[in-house]
Amino acid sequence: MAEMDPVKLMKQEVGRAAAAQVKSGTVVGLGTGSTTAFAIQFIGERLASGELTDIKGVPTSFQASVLAKQHGIPLTTLDEVDYIDVAIDGADEVDAQFNLIKGGGAAHTREKIVDGLAEKFIVVVDSSKLVDKLGSTFALPVEVLPMAVAPVTRALAGYGAKVDLRMGINKDGPVITDQGNMVLDAKFEAITDPAELEKALNNIPGVLENGLFVGVATEVLVGEVKDGQASVRSL
Ligand code: 5RP
């Protein structure tokens with residue numbers, strides 16, 4: 001049998017470890033991305049085997065709800081529940097204080113709502129996502145109302161970022177979010193004060209939400225591969 005690509009293997013094992021933490025009778029925030037997709041798959045498998053019962057998922061994106069339905073996870077909305085026991089979600093960068101950059105899948109606005117409401121927010125990443133300083137490898141996603149793209153681009157440049165409008169793949173034109181907005185990817189040299197920058201950027205008129213998640217994560221699970229063997233550690 002062909003060997004699985006190591007990054008995929010890390011994502012799979014960290015997704016499995018997070019899914020194992022879900023308890024029966026709970027409300028679960030379902031994140032977006034290729035790592036969380038494995039967690040959704042394994043939650044579905046635990047439900048199908050009867051090991052897990054009576055859970056409800058709150059999806060963070062259209063795609064998360066599609067996957068949840070495929071894997072037999074009953075869904076609910078924030079109109080119907082006023083708490084989330086545990087959320088599982090990926091990240092694009094994680095620093096030592098558990099601050100994150102998210103939004104690689106353009107879903108950070110809903111993700112911040114759902115992950116931020118959760119009693120426990122488990123971040124699932126492979127080891128390539130760990131950084132000393134946020135912003136060092138990944139551009140910060142900023143969701144923007146379409147009519148405000150030009151002024152917000154200028155405002156972000158004023159904060160020292162190199163800014164690109166995120167373009168679709170296999171689609172002409174920009175990525176459109178689940179809310180009908182656009183995403184500006186703002187590359188900073190490094191983000192020295194994530195809490196301050198998060199607030200400042202959300203204060204620019206036309207910005208809906210940026211991908212800095214400060215003080216939201218409660219646990220970070222990291223998938224690693226050594227000599228073809230996958231392991232997961234909790235930071
Ligand atoms: C989506 C996200 C994702 O969680 C983040 O991009 C990580 O994705 P992946 O697990 O595919 O690496 O923030 O908006």
# chains A, B, ... in the order shown; residues from 1 in each chain; ligands from 1
$ select_by_dssp --residues "range 73-163 of chain A" --states "strand (DSSP E or B)" --output "PyMOL selection string"
chain A and resi 75+84-89+93-94+100-101+118-126+130+140-144+162-163
$ write_last_selection --atoms "C-alpha atoms" --output "PDB file, in the first residue's frame"
ATOM      1  CA  LEU A  75     -26.207  19.995  13.302  1.00  0.00           C
ATOM      2  CA  ILE A  84     -20.652  25.184  23.008  1.00  0.00           C
ATOM      3  CA  ASP A  85     -18.844  22.597  25.119  1.00  0.00           C
ATOM      4  CA  VAL A  86     -15.881  22.058  22.852  1.00  0.00           C
ATOM      5  CA  ALA A  87     -14.733  23.461  19.511  1.00  0.00           C
ATOM      6  CA  ILE A  88     -12.122  21.804  17.291  1.00  0.00           C
ATOM      7  CA  ASP A  89     -10.456  23.935  14.659  1.00  0.00           C
ATOM      8  CA  GLU A  93       0.101  29.858  12.723  1.00  0.00           C
ATOM      9  CA  VAL A  94       0.302  29.249  16.491  1.00  0.00           C
ATOM     10  CA  LEU A 100      -3.336  32.129  16.336  1.00  0.00           C
ATOM     11  CA  ILE A 101      -3.599  33.296  12.770  1.00  0.00           C
ATOM     12  CA  ALA A 118     -16.626  27.299  23.347  1.00  0.00           C
ATOM     13  CA  GLU A 119     -15.833  26.316  26.913  1.00  0.00           C
ATOM     14  CA  LYS A 120     -12.850  24.406  25.486  1.00  0.00           C
ATOM     15  CA  PHE A 121     -11.239  25.274  22.143  1.00  0.00           C
ATOM     16  CA  ILE A 122      -8.847  22.606  20.872  1.00  0.00           C
ATOM     17  CA  VAL A 123      -6.552  23.763  18.066  1.00  0.00           C
ATOM     18  CA  VAL A 124      -5.381  21.001  15.734  1.00  0.00           C
ATOM     19  CA  VAL A 125      -2.198  21.637  13.753  1.00  0.00           C
ATOM     20  CA  ASP A 126       0.789  19.900  12.249  1.00  0.00           C
ATOM     21  CA  LEU A 130       4.301  26.592  15.203  1.00  0.00           C
ATOM     22  CA  LEU A 140      -3.135  37.757   8.019  1.00  0.00           C
ATOM     23  CA  PRO A 141      -6.584  37.267   6.429  1.00  0.00           C
ATOM     24  CA  VAL A 142      -8.964  40.217   6.783  1.00  0.00           C
ATOM     25  CA  GLU A 143     -12.609  39.855   5.681  1.00  0.00           C
ATOM     26  CA  VAL A 144     -13.836  43.056   4.040  1.00  0.00           C
ATOM     27  CA  LYS A 162       1.862  44.124   1.940  1.00  0.00           C
ATOM     28  CA  VAL A 163      -1.731  43.479   0.880  1.00  0.00           C
TER      29      VAL A 163
END
$ residues_around --residues "range 219-225 of chain A" --least-positions-apart "5" --cutoff "10 Å" --atoms "only C-alpha atoms" --output "PyMOL selection string"
chain A and resi 6-15+17-18+35+88-91+94+96+98+120-130+230-235
$ write_last_selection --atoms "C-alpha atoms" --output "PDB file, in the first residue's frame"
ATOM      1  CA  PRO A   6       3.686  12.890   6.212  1.00  0.00           C
ATOM      2  CA  VAL A   7       1.753  16.175   6.452  1.00  0.00           C
ATOM      3  CA  LYS A   8      -1.507  14.372   5.753  1.00  0.00           C
ATOM      4  CA  LEU A   9      -0.570  11.730   8.327  1.00  0.00           C
ATOM      5  CA  MET A  10       0.087  14.425  10.978  1.00  0.00           C
ATOM      6  CA  LYS A  11      -3.255  16.053  10.190  1.00  0.00           C
ATOM      7  CA  GLN A  12      -5.068  12.735  10.377  1.00  0.00           C
ATOM      8  CA  GLU A  13      -3.601  11.743  13.750  1.00  0.00           C
ATOM      9  CA  VAL A  14      -4.132  15.130  15.361  1.00  0.00           C
ATOM     10  CA  GLY A  15      -7.729  15.122  14.071  1.00  0.00           C
ATOM     11  CA  ALA A  17      -6.807  12.801  18.944  1.00  0.00           C
ATOM     12  CA  ALA A  18      -9.136  15.824  19.074  1.00  0.00           C
ATOM     13  CA  THR A  35      -7.055  19.048   9.629  1.00  0.00           C
ATOM     14  CA  ILE A  88     -12.122  21.804  17.291  1.00  0.00           C
ATOM     15  CA  ASP A  89     -10.456  23.935  14.659  1.00  0.00           C
ATOM     16  CA  GLY A  90      -7.211  24.272  12.705  1.00  0.00           C
ATOM     17  CA  ALA A  91      -4.861  27.240  12.450  1.00  0.00           C
ATOM     18  CA  VAL A  94       0.302  29.249  16.491  1.00  0.00           C
ATOM     19  CA  ALA A  96       3.865  30.011  22.314  1.00  0.00           C
ATOM     20  CA  PHE A  98      -1.573  29.950  21.973  1.00  0.00           C
ATOM     21  CA  LYS A 120     -12.850  24.406  25.486  1.00  0.00           C
ATOM     22  CA  PHE A 121     -11.239  25.274  22.143  1.00  0.00           C
ATOM     23  CA  ILE A 122      -8.847  22.606  20.872  1.00  0.00           C
ATOM     24  CA  VAL A 123      -6.552  23.763  18.066  1.00  0.00           C
ATOM     25  CA  VAL A 124      -5.381  21.001  15.734  1.00  0.00           C
ATOM     26  CA  VAL A 125      -2.198  21.637  13.753  1.00  0.00           C
ATOM     27  CA  ASP A 126       0.789  19.900  12.249  1.00  0.00           C
ATOM     28  CA  SER A 127       4.188  20.985  13.556  1.00  0.00           C
ATOM     29  CA  SER A 128       4.847  23.317  10.581  1.00  0.00           C
ATOM     30  CA  LYS A 129       2.301  25.775  12.040  1.00  0.00           C
ATOM     31  CA  LEU A 130       4.301  26.592  15.203  1.00  0.00           C
ATOM     32  CA  ALA A 230       3.026   9.868  13.636  1.00  0.00           C
ATOM     33  CA  SER A 231       2.553  11.145  17.172  1.00  0.00           C
ATOM     34  CA  VAL A 232       0.488  13.884  18.801  1.00  0.00           C
ATOM     35  CA  ARG A 233       1.533  16.111  21.682  1.00  0.00           C
ATOM     36  CA  SER A 234      -0.445  18.644  23.657  1.00  0.00           C
ATOM     37  CA  LEU A 235       1.415  21.951  24.112  1.00  0.00           C
TER      38      LEU A 235
END
$ residues_around --residues "range 42-51 of chain A" --least-positions-apart "6" --cutoff "6 Å" --atoms "only C-alpha atoms" --output "compact mmCIF listing (two decimals) with N, CA and C atoms, in the first residue's frame"
# COMPACT_ATOMS: atom_id res chain seq x y z
N ARG A 16 -7.73 12.83 14.81
CA ARG A 16 -8.24 11.67 15.56
C ARG A 16 -8.15 11.94 17.08
N ALA A 19 -10.86 14.41 18.11
CA ALA A 19 -12.18 13.76 18.06
C ALA A 19 -12.39 12.86 19.28
N HIS A 71 -20.77 12.87 7.28
CA HIS A 71 -20.32 11.94 8.32
C HIS A 71 -21.38 11.72 9.40
N GLY A 72 -22.61 12.14 9.12
CA GLY A 72 -23.74 11.79 10.00
C GLY A 72 -23.76 12.53 11.33
N ILE A 73 -23.19 13.75 11.36
CA ILE A 73 -23.20 14.52 12.61
C ILE A 73 -24.42 15.45 12.60
$ residues_near_ligand --ligand "ligand 1" --cutoff "7 Å" --atoms "only C-alpha atoms and all ligand atoms" --output "PyMOL selection string"
chain A and resi 31-36+89-92+102-108+125
$ write_last_selection --atoms "N, CA, C and O atoms" --output "PDB file, in the first residue's frame"
ATOM      1  N   GLY A  31     -14.796  23.121  13.198  1.00  0.00           N
ATOM      2  CA  GLY A  31     -13.979  24.070  12.458  1.00  0.00           C
ATOM      3  C   GLY A  31     -13.899  23.754  10.974  1.00  0.00           C
ATOM      4  O   GLY A  31     -14.541  22.827  10.476  1.00  0.00           O
ATOM      5  N   THR A  32     -13.051  24.534  10.299  1.00  0.00           N
ATOM      6  CA  THR A  32     -12.917  24.439   8.845  1.00  0.00           C
ATOM      7  C   THR A  32     -11.459  24.149   8.490  1.00  0.00           C
ATOM      8  O   THR A  32     -10.560  24.636   9.162  1.00  0.00           O
ATOM      9  N   GLY A  33     -11.254  23.372   7.416  1.00  0.00           N
ATOM     10  CA  GLY A  33      -9.890  23.119   6.949  1.00  0.00           C
ATOM     11  C   GLY A  33      -9.597  21.634   6.875  1.00  0.00           C
ATOM     12  O   GLY A  33     -10.386  20.798   7.324  1.00  0.00           O
ATOM     13  N   SER A  34      -8.418  21.328   6.311  1.00  0.00           N
ATOM     14  CA  SER A  34      -8.100  19.924   6.041  1.00  0.00           C
ATOM     15  C   SER A  34      -7.813  19.130   7.313  1.00  0.00           C
ATOM     16  O   SER A  34      -8.032  17.914   7.349  1.00  0.00           O
ATOM     17  N   THR A  35      -7.328  19.775   8.382  1.00  0.00           N
ATOM     18  CA  THR A  35      -7.055  19.048   9.629  1.00  0.00           C
ATOM     19  C   THR A  35      -8.366  18.771  10.359  1.00  0.00           C
ATOM     20  O   THR A  35      -8.624  17.649  10.806  1.00  0.00           O
ATOM     21  N   THR A  36      -9.204  19.799  10.454  1.00  0.00           N
ATOM     22  CA  THR A  36     -10.500  19.613  11.124  1.00  0.00           C
ATOM     23  C   THR A  36     -11.360  18.614  10.363  1.00  0.00           C
ATOM     24  O   THR A  36     -12.179  17.918  10.974  1.00  0.00           O
ATOM     25  N   ASP A  89     -10.705  23.136  15.859  1.00  0.00           N
ATOM     26  CA  ASP A  89     -10.456  23.935  14.659  1.00  0.00           C
ATOM     27  C   ASP A  89      -8.952  23.974  14.363  1.00  0.00           C
ATOM     28  O   ASP A  89      -8.130  23.834  15.281  1.00  0.00           O
ATOM     29  N   GLY A  90      -8.611  24.180  13.121  1.00  0.00           N
ATOM     30  CA  GLY A  90      -7.211  24.272  12.705  1.00  0.00           C
ATOM     31  C   GLY A  90      -6.689  25.687  12.846  1.00  0.00           C
ATOM     32  O   GLY A  90      -7.386  26.591  13.327  1.00  0.00           O
ATOM     33  N   ALA A  91      -5.450  25.896  12.436  1.00  0.00           N
ATOM     34  CA  ALA A  91      -4.861  27.240  12.450  1.00  0.00           C
ATOM     35  C   ALA A  91      -3.750  27.284  11.407  1.00  0.00           C
ATOM     36  O   ALA A  91      -3.235  26.246  10.983  1.00  0.00           O
ATOM     37  N   ASP A  92      -3.410  28.501  11.001  1.00  0.00           N
ATOM     38  CA  ASP A  92      -2.324  28.684  10.023  1.00  0.00           C
ATOM     39  C   ASP A  92      -1.004  28.993  10.714  1.00  0.00           C
ATOM     40  O   ASP A  92       0.060  28.686  10.193  1.00  0.00           O
ATOM     41  N   LYS A 102      -5.691  32.587  11.796  1.00  0.00           N
ATOM     42  CA  LYS A 102      -6.600  31.686  11.104  1.00  0.00           C
ATOM     43  C   LYS A 102      -7.181  32.412   9.887  1.00  0.00           C
ATOM     44  O   LYS A 102      -7.006  33.603   9.731  1.00  0.00           O
ATOM     45  N   GLY A 103      -7.857  31.630   9.039  1.00  0.00           N
ATOM     46  CA  GLY A 103      -8.495  32.246   7.877  1.00  0.00           C
ATOM     47  C   GLY A 103      -7.940  31.765   6.562  1.00  0.00           C
ATOM     48  O   GLY A 103      -8.303  32.286   5.504  1.00  0.00           O
ATOM     49  N   GLY A 104      -7.071  30.733   6.621  1.00  0.00           N
ATOM     50  CA  GLY A 104      -6.556  30.158   5.377  1.00  0.00           C
ATOM     51  C   GLY A 104      -7.677  29.637   4.494  1.00  0.00           C
ATOM     52  O   GLY A 104      -7.545  29.578   3.272  1.00  0.00           O
ATOM     53  N   GLY A 105      -8.786  29.298   5.114  1.00  0.00           N
ATOM     54  CA  GLY A 105      -9.956  28.827   4.351  1.00  0.00           C
ATOM     55  C   GLY A 105     -11.029  29.895   4.252  1.00  0.00           C
ATOM     56  O   GLY A 105     -12.173  29.598   3.878  1.00  0.00           O
ATOM     57  N   ALA A 106     -10.660  31.148   4.587  1.00  0.00           N
ATOM     58  CA  ALA A 106     -11.577  32.298   4.510  1.00  0.00           C
ATOM     59  C   ALA A 106     -12.805  32.146   5.410  1.00  0.00           C
ATOM     60  O   ALA A 106     -13.843  32.732   5.151  1.00  0.00           O
ATOM     61  N   ALA A 107     -12.651  31.343   6.470  1.00  0.00           N
ATOM     62  CA  ALA A 107     -13.810  31.086   7.345  1.00  0.00           C
ATOM     63  C   ALA A 107     -13.610  31.690   8.736  1.00  0.00           C
ATOM     64  O   ALA A 107     -14.376  31.393   9.651  1.00  0.00           O
ATOM     65  N   HIS A 108     -12.615  32.582   8.893  1.00  0.00           N
ATOM     66  CA  HIS A 108     -12.241  33.026  10.247  1.00  0.00           C
ATOM     67  C   HIS A 108     -13.327  33.816  10.972  1.00  0.00           C
ATOM     68  O   HIS A 108     -13.356  33.830  12.195  1.00  0.00           O
ATOM     69  N   VAL A 125      -3.165  21.202  14.777  1.00  0.00           N
ATOM     70  CA  VAL A 125      -2.198  21.637  13.753  1.00  0.00           C
ATOM     71  C   VAL A 125      -1.109  20.589  13.558  1.00  0.00           C
ATOM     72  O   VAL A 125      -0.866  19.762  14.437  1.00  0.00           O
TER      73      VAL A 125
END
$ residues_around --residues "Thr26 in chain A" --least-positions-apart "4" --cutoff "10 Å" --atoms "only C-alpha atoms" --output "list of chain:residue names"
A:Val22, A:Leu52, A:Thr53, A:Asp54, A:Ile55, A:Lys56, A:Gly57, A:Tyr83, A:Ile84, A:Asp85, A:Val86
$ closest_residue --among "A:Thr218, A:Asn210, A:Gln229, A:Asn99" --to "Met182 in chain A" --atoms "only C-alpha atoms"
A:Asn210
$ closest_residue --among "A:Ile176, A:Leu134, A:Gly168, A:Pro146" --to "Glu198 in chain A" --atoms "only C-alpha atoms"
A:Leu134
$ closest_residue --among "A:Ala186, A:Val28, A:Ile113, A:Val58" --to "Ala139 in chain A" --atoms "only C-alpha atoms"
A:Ala186
$ atom_distance --atom1 "CA of Met147 in chain A" --atom2 "CA of Asn181 in chain A"
9.2 Å
$ select_by_dssp --residues "chain A" --states "alpha helix (DSSP H)" --output "PyMOL selection string"
chain A and resi 6-19+34-49+62-70+108-117+149-158+194-202
$ atom_distance --atom1 "CA of Thr177 in chain A" --atom2 "CA of Asp132 in chain A"
29.3 Å
